[in-house]
Every structure is written in structure tokens, then in C-alpha cells.
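Novice: Dropping a structure here in C-alpha cells format, bear with me for questions.
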Amino acid sequence: MHRNSRIPFYILPFLVLSLFVLAYIIFLPRPDSDETTDSCYFVDDAIEIIEVERDEFGFPLGDYRVEQGVVGSRQTLSHILENLGKTRMEIHHIAQSMQDVFDPRRVRRGNHYYSYFADDTTTAPAYFIYEINDLDYMMLDFSDSLLVARGKKEVVVRDKKASGMIHSSLWNTMMDQGLHPDLVIHLSSVLAWSVDFYRIESGDLFKVLYSEGYVGDRSVGVSRIKAVHFLHRGREIEAYRFVSDTINGYFDSDGNNMRKTFLQAPLEFGGRISSRYSHSRLHPIHGDRRPHYGTDYAAPHGTPILAVGDGVISRTSYTRGNGNYVRIRHNAVYETQYLHMSRFATGIKPGHRVSQGDVIGYVGSTGMATGPHVCFRFWKNGQQVDHLRLDFPSGDPLPEAYIDAFIAQRDQYRAELSKISHAGGDIL
């Protein structure tokens, strides 16, 4: 029996429509690569990226009600948490959980704390923050089970410049300009081998490039000095920071190490020369003239006294004239002695090795002294000499392999320093 092979008439419309759609897809005009790119950019432009603004602890602004407090006199963490509604049992559990993160006994008066509440009606905080210092904080997370964590604020480092003419002291000049106290300390450390800060004169000039850290708009201290130009008693002093491989230090314009065998003074900062080395000085107690083979640095009681160089403690003793004193043998040529201490630093005894800048004692007025000071004495080949008249050798100079890189860095810093006037004031 022969079978009819013709397509039924009711299928034909669907077949025609399918062929038409297929032809449209195949012959549809395609955009070139530029049009495709433009379309992609159009889609990207349509996406709005919203950056969430956060506070210094990382919480989104506006998501929490924040209450700030200050630790009061004799106030403990337990008192603060109790005021936030925590029970004694909860506080005990919190204290136990904190042991490996932060010792709750180290909560200090005057430090700030913050309580984060989920909304305006909630009385129990979701988070509690205690500021340990300007950078570190401790967080208690009550949002689920208790979580104790320690965090560090994000610090933004800004490059800054400063300059000025000294009228009384470097400290007063910088404080009058509103500069951070750290800058004085860092600068005195960089120039400790070249500048006697107890002989600063009115009219001395300085220019300095440095980096300062900020949390928001609040300074958290100077991190480093990059370059300094100092005009001291008519003498120009330059220091440039150079870091490469194992090299990390300050060098003068010729690549000589700023670090020398001995510091210029046994105090870091904050004193003055009250009496100089002399072969005939009117004695303040006996009233007659006699030699004074030392340099007296007057400073507040308790000011740290520093070893001016590496060496070994050869003597710690007390005499009626010298009071408490320390003597250090640095090598076969040099020895130093520090008199009238209020007390010795911990561990300072004969045979103890010290490094340059180590604290060996504290300013006092023991022995024959009319006020708090340290009488600093210096021996060279067994003879007491005036250390202020000596030119001490520098540390190791910059290796030859680094000279070209150093000169490039030096010239860059020099160009920046040349743009700064000595009118004073911080130049952002």
C-alpha cells in the first residue's frame, strides 16, 4: 500500500515561520568591535558604585548609635561594663576571655572608650571599643557570642616640611609653630653626633623634610625624617636618609655616616650647659678657684643620662664629692664618667656592656652639687680633656657601590629643601 508523503497543510505555516526566524538570526547585522566596547562601557556607566564611609575603627558611619566616654579616676573596666548593663557574671566571663588579648588591669585614666548600639532604642551595646593608645584598640563584640579582638587603626602617612629660625631653643621654636613634639626628638636623634643641642644659639636655622602619620585628621606622630639642613653656629650640617638592601641610616652630603663614635652630650634633650671645662673655675660650694675638668649639664631631676658611646661599665660608686657616679671604658684610649646621679639605671654595674644611647642613670644632685645636673667627664689616653673641642671619628661611610644611588636621592631632597624658606611655619 502506497503511503502519502506530502507534508500536511497545517504544518506549513509553522515551517515557514521557523525558516524566517533562522534567516534573521544568520543575517542579523553584527556590531563591530568599537560598538561592542561602547555597549560595555554603557553598561558599566549605568552601575553606581557606592563607597561606604567608615569611622577610625572600621564601622560604617550612621549604622550605629555611638556613645563616647573617658576612663575616670580609679575607674576600671568592670565599672564601665557595669554601667553598660553587664552583670558581674558576664563581666567575669569577659575578663577571662580577654586575658590573651589585653590585660583589663591596664585600662588607664584619660583613655577613651566607645559603645556601639544597634539603634536608638537598644540599651545593650553590640560592640565596645577601648583605645589602648593613639593607634591600638581592643574590641568586645557582643553581637553574637562574645568575641574579643585587638585592632590597629589605619594610618595615612603624609610627607611634610618645616623650617624656622631658633630664638631660644629648638623645642620652643617648634612648639610655637604647632609642630609635633616627635619632630624635635627625631631631629635631635639624627643630629646627635653633629649638634650639641645644649649650645644652640639664637639665629640657628633649620629646614626639614619628614613623614607624619595621621588617623583621620589627627596626628599620631612623626615616623621618620627624610632630610635636614641645619645652620648651627655658622656651620652648615646636612643629613639625608638612605635605605637600600642592608643600608638604613643618615649620611652627610658626601656619604659620610652621621653616626660618630661618641654623642655630643650625655642627655638626649631638655637641658643646658651650666658650667664648662676649665682650668680655673670659682667653685660654687668652696668659694675658691680650682680646676673643673668636666662639663655640667643642668636638667630636671630624673632626666635619663645616656652612655655617649659603646663600652663596658668599669665602676659604679658613691663619693662625698661625686655623689652617685658611673665610669665607662670605651676602648684603650677613651673613658667617660657621669657624676651626681640620683640613681643608677637597672642592671648598671661593673662589667655590664652598654651601647651608645643606653640609659645608665638619672639626673640628680648627690654629692657636692647645688642643683640637679650631670657633670660629664671625658678621658683620652688617661688625661681629662674638653670633649667639646674634640672631633670624633664617624662610623662606617657609605659603601662605594651605593654612592650613585645615594647622590640621586640626595639631589632630590636638596631640590625640595631649596624651595623652603627659613621664615618658619609648617609647609604642607
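Residues in the C-alpha cells are named by chain (A, B, ... in the order shown) and by number from 1 within that chain; ligands are numbered from 1 in the order shown.
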As a count of residues only, please: every residue in range 232-424 of chain A that DSSP puts in strand (DSSP E).

Specialist: 81

Novice: Considering only C-alpha atoms, return as an mmCIF file with C-alpha atoms, in the first residue's frame whatever protein or nucleic-acid residues lie within 8 Å of Asp141 in chain A, sequence-local ones (same chain, fewer than 6 positions apart) excluded.

Specialist:
```cif
data_model
loop_
_atom_site.group_PDB
_atom_site.id
_atom_site.type_symbol
_atom_site.label_atom_id
_atom_site.label_comp_id
_atom_site.auth_asym_id
_atom_site.auth_seq_id
_atom_site.Cartn_x
_atom_site.Cartn_y
_atom_site.Cartn_z
ATOM 1 C CA ALA A 126 26.575 45.488 70.143
ATOM 2 C CA TYR A 127 30.247 46.477 70.315
ATOM 3 C CA PHE A 128 32.573 48.064 72.859
ATOM 4 C CA LEU A 147 34.398 37.907 70.606
ATOM 5 C CA VAL A 148 37.480 39.742 71.915
#
```

Novice: I'd like a table as CSV: residues in range 77-116 of chain A with an atom no more than 7 Å from range 66-71 of chain A, each row giving the shortest atom pair and its distance in Å to one decimal, only C-alpha atoms counted, sorted by chain and rising residue number.

Specialist:
```
residue,atom,partner,partner_atom,distance
A:Arg108,CA,A:Val71,CA,6.7
A:Arg109,CA,A:Val71,CA,4.8
A:Gly110,CA,A:Val71,CA,5.2
A:Asn111,CA,A:Val71,CA,5.6
A:His112,CA,A:Val70,CA,4.5
A:Tyr113,CA,A:Gly69,CA,5.3
A:Tyr114,CA,A:Gln68,CA,4.5
A:Ser115,CA,A:Glu67,CA,5.2
A:Tyr116,CA,A:Val66,CA,4.7
```

Novice: Got time to write the residues from that selection, C-alpha atoms, as a tab-separated table (two decimals), in the first residue's frame?

Specialist:
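What ended up in part_28.tsv:
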```
chain	number	residue	atom	x	y	z
A	108	ARG	CA	44.24	53.88	82.03
A	109	ARG	CA	42.60	57.05	83.28
A	110	GLY	CA	42.01	59.56	80.49
A	111	ASN	CA	41.81	56.98	77.69
A	112	HIS	CA	38.67	56.95	75.54
A	113	TYR	CA	36.13	54.19	75.03
A	114	TYR	CA	33.16	53.85	72.66
A	115	SER	CA	29.90	51.92	72.85
A	116	TYR	CA	28.11	50.99	69.59
```

Novice: Would you kindly return, as a VMD selection string, each protein, DNA or RNA residue with an atom no farther than 12 Å from any atom of Val101 in chain A, considering only C-alpha atoms and excluding same-chain residues fewer than 4 positions away?

Specialist: chain A and resid 94 to 97 106 132 136 to 140 147 to 151

Novice: Excluding Val308 in chain A and its own-chain neighbours fewer than 3 positions away, which residues fall within 9 Å of it when counting only C-alpha atoms? Please give them as a ChimeraX atom specification.

Specialist: /A:261-267,336,355-358

Novice: Using only C-alpha atoms, what table do you get, as CSV, when you list each residue of range 158-185 of chain A with an atom no more than 12 Å from range 214-219 of chain A, its nearest pair of atoms, and their distance in Å rounded to one decimal, rows by chain then rising number?

Specialist:
```
residue,atom,partner,partner_atom,distance
A:Arg158,CA,A:Tyr214,CA,7.5
A:Asp159,CA,A:Tyr214,CA,10.9
A:Lys160,CA,A:Tyr214,CA,11.8
A:Gly178,CA,A:Ser219,CA,11.6
A:Leu179,CA,A:Ser219,CA,10.2
A:His180,CA,A:Ser219,CA,8.0
A:Pro181,CA,A:Ser219,CA,10.9
A:Asp182,CA,A:Ser219,CA,10.5
A:Leu183,CA,A:Ser219,CA,11.8
```

Novice: Using N, CA and C atoms, can you export the residues from the last selection as a JSON list (two decimals), in the first residue's frame?

Specialist:
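Generated file (selection-v4.json):
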```json
[["chain", "number", "residue", "atom", "x", "y", "z"],
["A", 158, "ARG", "N", 51.69, 61.24, 55.65],
["A", 158, "ARG", "CA", 51.79, 62.44, 54.81],
["A", 158, "ARG", "C", 53.22, 62.97, 54.85],
["A", 159, "ASP", "N", 53.72, 63.34, 53.68],
["A", 159, "ASP", "CA", 55.02, 63.98, 53.59],
["A", 159, "ASP", "C", 54.88, 65.46, 53.93],
["A", 160, "LYS", "N", 55.72, 65.95, 54.83],
["A", 160, "LYS", "CA", 55.60, 67.33, 55.30],
["A", 160, "LYS", "C", 56.96, 68.03, 55.32],
["A", 178, "GLY", "N", 53.51, 74.95, 66.32],
["A", 178, "GLY", "CA", 52.47, 73.92, 66.36],
["A", 178, "GLY", "C", 52.91, 72.60, 65.76],
["A", 179, "LEU", "N", 54.22, 72.37, 65.69],
["A", 179, "LEU", "CA", 54.72, 71.11, 65.14],
["A", 179, "LEU", "C", 54.65, 70.01, 66.20],
["A", 180, "HIS", "N", 54.64, 68.78, 65.74],
["A", 180, "HIS", "CA", 54.51, 67.64, 66.66],
["A", 180, "HIS", "C", 55.78, 67.50, 67.50],
["A", 181, "PRO", "N", 55.66, 67.23, 68.80],
["A", 181, "PRO", "CA", 56.85, 67.05, 69.64],
["A", 181, "PRO", "C", 57.79, 65.96, 69.14],
["A", 182, "ASP", "N", 57.24, 64.95, 68.47],
["A", 182, "ASP", "CA", 58.09, 63.88, 67.94],
["A", 182, "ASP", "C", 59.15, 64.42, 66.99],
["A", 183, "LEU", "N", 58.82, 65.51, 66.28],
["A", 183, "LEU", "CA", 59.77, 66.05, 65.31],
["A", 183, "LEU", "C", 61.04, 66.52, 66.00]]
```

Novice: Need the shell around Val363 in chain A: protein/DNA/RNA residues with any atom at most 6 Å away, counting only C-alpha atoms. Skip same-chain ones fewer than 6 positions apart. Format as a count of residues only?

Specialist: 7

Novice: Which one is closest to Ser163 in chain A: A:Glu82, A:Asp245, A:Asp204, A:Asp196? Count only C-alpha atoms.

Specialist: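 Closest residue, counting only C-alpha atoms: A:Asp204.
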
Novice: Quick one: residues within 12 Å of Ile407 in chain A, only C-alpha atoms counted, chain neighbours fewer than 2 positions away excluded, as a PDB file with N, CA and C atoms, in the first residue's frame?

Specialist:
```
ATOM      1  N   TYR A 240      70.927  63.147  55.202  1.00  0.00           N
ATOM      2  CA  TYR A 240      69.978  62.556  54.270  1.00  0.00           C
ATOM      3  C   TYR A 240      69.773  61.087  54.606  1.00  0.00           C
ATOM      4  N   ARG A 241      68.521  60.682  54.675  1.00  0.00           N
ATOM      5  CA  ARG A 241      68.221  59.275  54.943  1.00  0.00           C
ATOM      6  C   ARG A 241      68.394  58.479  53.657  1.00  0.00           C
ATOM      7  N   PHE A 242      69.053  57.343  53.791  1.00  0.00           N
ATOM      8  CA  PHE A 242      69.259  56.474  52.631  1.00  0.00           C
ATOM      9  C   PHE A 242      69.001  55.035  53.048  1.00  0.00           C
ATOM     10  N   PHE A 251      73.293  60.048  56.253  1.00  0.00           N
ATOM     11  CA  PHE A 251      74.623  60.352  55.759  1.00  0.00           C
ATOM     12  C   PHE A 251      74.702  61.828  55.383  1.00  0.00           C
ATOM     13  N   ASP A 252      75.913  62.394  55.471  1.00  0.00           N
ATOM     14  CA  ASP A 252      76.066  63.790  55.076  1.00  0.00           C
ATOM     15  C   ASP A 252      76.116  63.886  53.555  1.00  0.00           C
ATOM     16  N   SER A 253      76.345  65.072  53.027  1.00  0.00           N
ATOM     17  CA  SER A 253      76.266  65.278  51.580  1.00  0.00           C
ATOM     18  C   SER A 253      77.312  64.472  50.808  1.00  0.00           C
ATOM     19  N   ASP A 254      78.395  64.053  51.468  1.00  0.00           N
ATOM     20  CA  ASP A 254      79.446  63.287  50.803  1.00  0.00           C
ATOM     21  C   ASP A 254      79.328  61.787  51.046  1.00  0.00           C
ATOM     22  N   GLY A 255      78.287  61.366  51.747  1.00  0.00           N
ATOM     23  CA  GLY A 255      78.110  59.946  52.020  1.00  0.00           C
ATOM     24  C   GLY A 255      78.779  59.469  53.287  1.00  0.00           C
ATOM     25  N   ASN A 256      79.262  60.410  54.119  1.00  0.00           N
ATOM     26  CA  ASN A 256      79.844  60.021  55.403  1.00  0.00           C
ATOM     27  C   ASN A 256      78.732  59.752  56.414  1.00  0.00           C
ATOM     28  N   LEU A 398      79.340  55.286  53.575  1.00  0.00           N
ATOM     29  CA  LEU A 398      78.505  54.561  52.623  1.00  0.00           C
ATOM     30  C   LEU A 398      79.395  53.773  51.663  1.00  0.00           C
ATOM     31  N   GLU A 400      80.993  52.143  48.397  1.00  0.00           N
ATOM     32  CA  GLU A 400      81.135  52.735  47.063  1.00  0.00           C
ATOM     33  C   GLU A 400      80.010  52.304  46.118  1.00  0.00           C
ATOM     34  N   ALA A 401      79.541  51.074  46.272  1.00  0.00           N
ATOM     35  CA  ALA A 401      78.511  50.547  45.365  1.00  0.00           C
ATOM     36  C   ALA A 401      77.194  51.302  45.468  1.00  0.00           C
ATOM     37  N   TYR A 402      76.994  52.024  46.557  1.00  0.00           N
ATOM     38  CA  TYR A 402      75.722  52.723  46.761  1.00  0.00           C
ATOM     39  C   TYR A 402      75.826  54.239  46.520  1.00  0.00           C
ATOM     40  N   ILE A 403      77.002  54.722  46.189  1.00  0.00           N
ATOM     41  CA  ILE A 403      77.209  56.169  46.090  1.00  0.00           C
ATOM     42  C   ILE A 403      76.310  56.808  45.031  1.00  0.00           C
ATOM     43  N   ASP A 404      76.240  56.215  43.835  1.00  0.00           N
ATOM     44  CA  ASP A 404      75.431  56.808  42.757  1.00  0.00           C
ATOM     45  C   ASP A 404      73.962  56.911  43.156  1.00  0.00           C
ATOM     46  N   ALA A 405      73.440  55.854  43.752  1.00  0.00           N
ATOM     47  CA  ALA A 405      72.032  55.872  44.180  1.00  0.00           C
ATOM     48  C   ALA A 405      71.821  56.907  45.280  1.00  0.00           C
ATOM     49  N   GLN A 409      69.399  60.332  45.314  1.00  0.00           N
ATOM     50  CA  GLN A 409      68.442  60.597  46.390  1.00  0.00           C
ATOM     51  C   GLN A 409      68.747  61.918  47.068  1.00  0.00           C
ATOM     52  N   ARG A 410      70.025  62.177  47.328  1.00  0.00           N
ATOM     53  CA  ARG A 410      70.443  63.433  47.964  1.00  0.00           C
ATOM     54  C   ARG A 410      70.028  64.634  47.132  1.00  0.00           C
ATOM     55  N   ASP A 411      70.255  64.577  45.829  1.00  0.00           N
ATOM     56  CA  ASP A 411      69.922  65.712  44.958  1.00  0.00           C
ATOM     57  C   ASP A 411      68.417  65.981  44.924  1.00  0.00           C
ATOM     58  N   GLN A 412      67.633  64.913  44.998  1.00  0.00           N
ATOM     59  CA  GLN A 412      66.178  65.086  45.040  1.00  0.00           C
ATOM     60  C   GLN A 412      65.756  65.810  46.320  1.00  0.00           C
ATOM     61  N   TYR A 413      66.310  65.362  47.445  1.00  0.00           N
ATOM     62  CA  TYR A 413      65.990  66.005  48.718  1.00  0.00           C
ATOM     63  C   TYR A 413      66.514  67.442  48.763  1.00  0.00           C
ATOM     64  N   ARG A 414      67.696  67.662  48.216  1.00  0.00           N
ATOM     65  CA  ARG A 414      68.268  69.009  48.198  1.00  0.00           C
ATOM     66  C   ARG A 414      67.361  69.971  47.428  1.00  0.00           C
TER      67      ARG A 414
END
```

Novice: Rank A:Leu306, A:Ile360, A:Val385, A:Leu191 by their smallest atom-to-atom distance to Arg276 in chain A, using only C-alpha atoms, and report the top residue only.

Specialist: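 So, comparing all the options, the nearest one is A:Val385.
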
Novice: May I ask for the distance between CA of Met368 in chain A and CA of Thr319 in chain A, given in Å to one decimal place?

Specialist: 9.3 Å

Novice: Show which residues sit within 6 Å of Asn322 in chain A, as a list in words. Count only C-alpha atoms, and ignore same-chain residues fewer than 6 positions away.

Specialist: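 Close residues of Asn322 in chain A: Leu339, His340 and Gly367 of chain A.
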
Novice: What would the file look like if the residues just selected were written as a compact mmCIF listing (two decimals), in the first residue's frame with C-alpha atoms?

Specialist:
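Wrote again_21.txt, looks like this:
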```
# COMPACT_ATOMS: atom_id res chain seq x y z
CA LEU A 339 78.52 62.32 88.28
CA HIS A 340 75.80 63.36 90.77
CA GLY A 367 77.48 64.68 96.37
```

Novice: Suppose you want the space between CA of Glu335 in chain A and CA of Gly321 in chain A; what is it in Å?

Specialist: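 Between CA of Glu335 in chain A and CA of Gly321 in chain A the gap works out to 19.5 Å.
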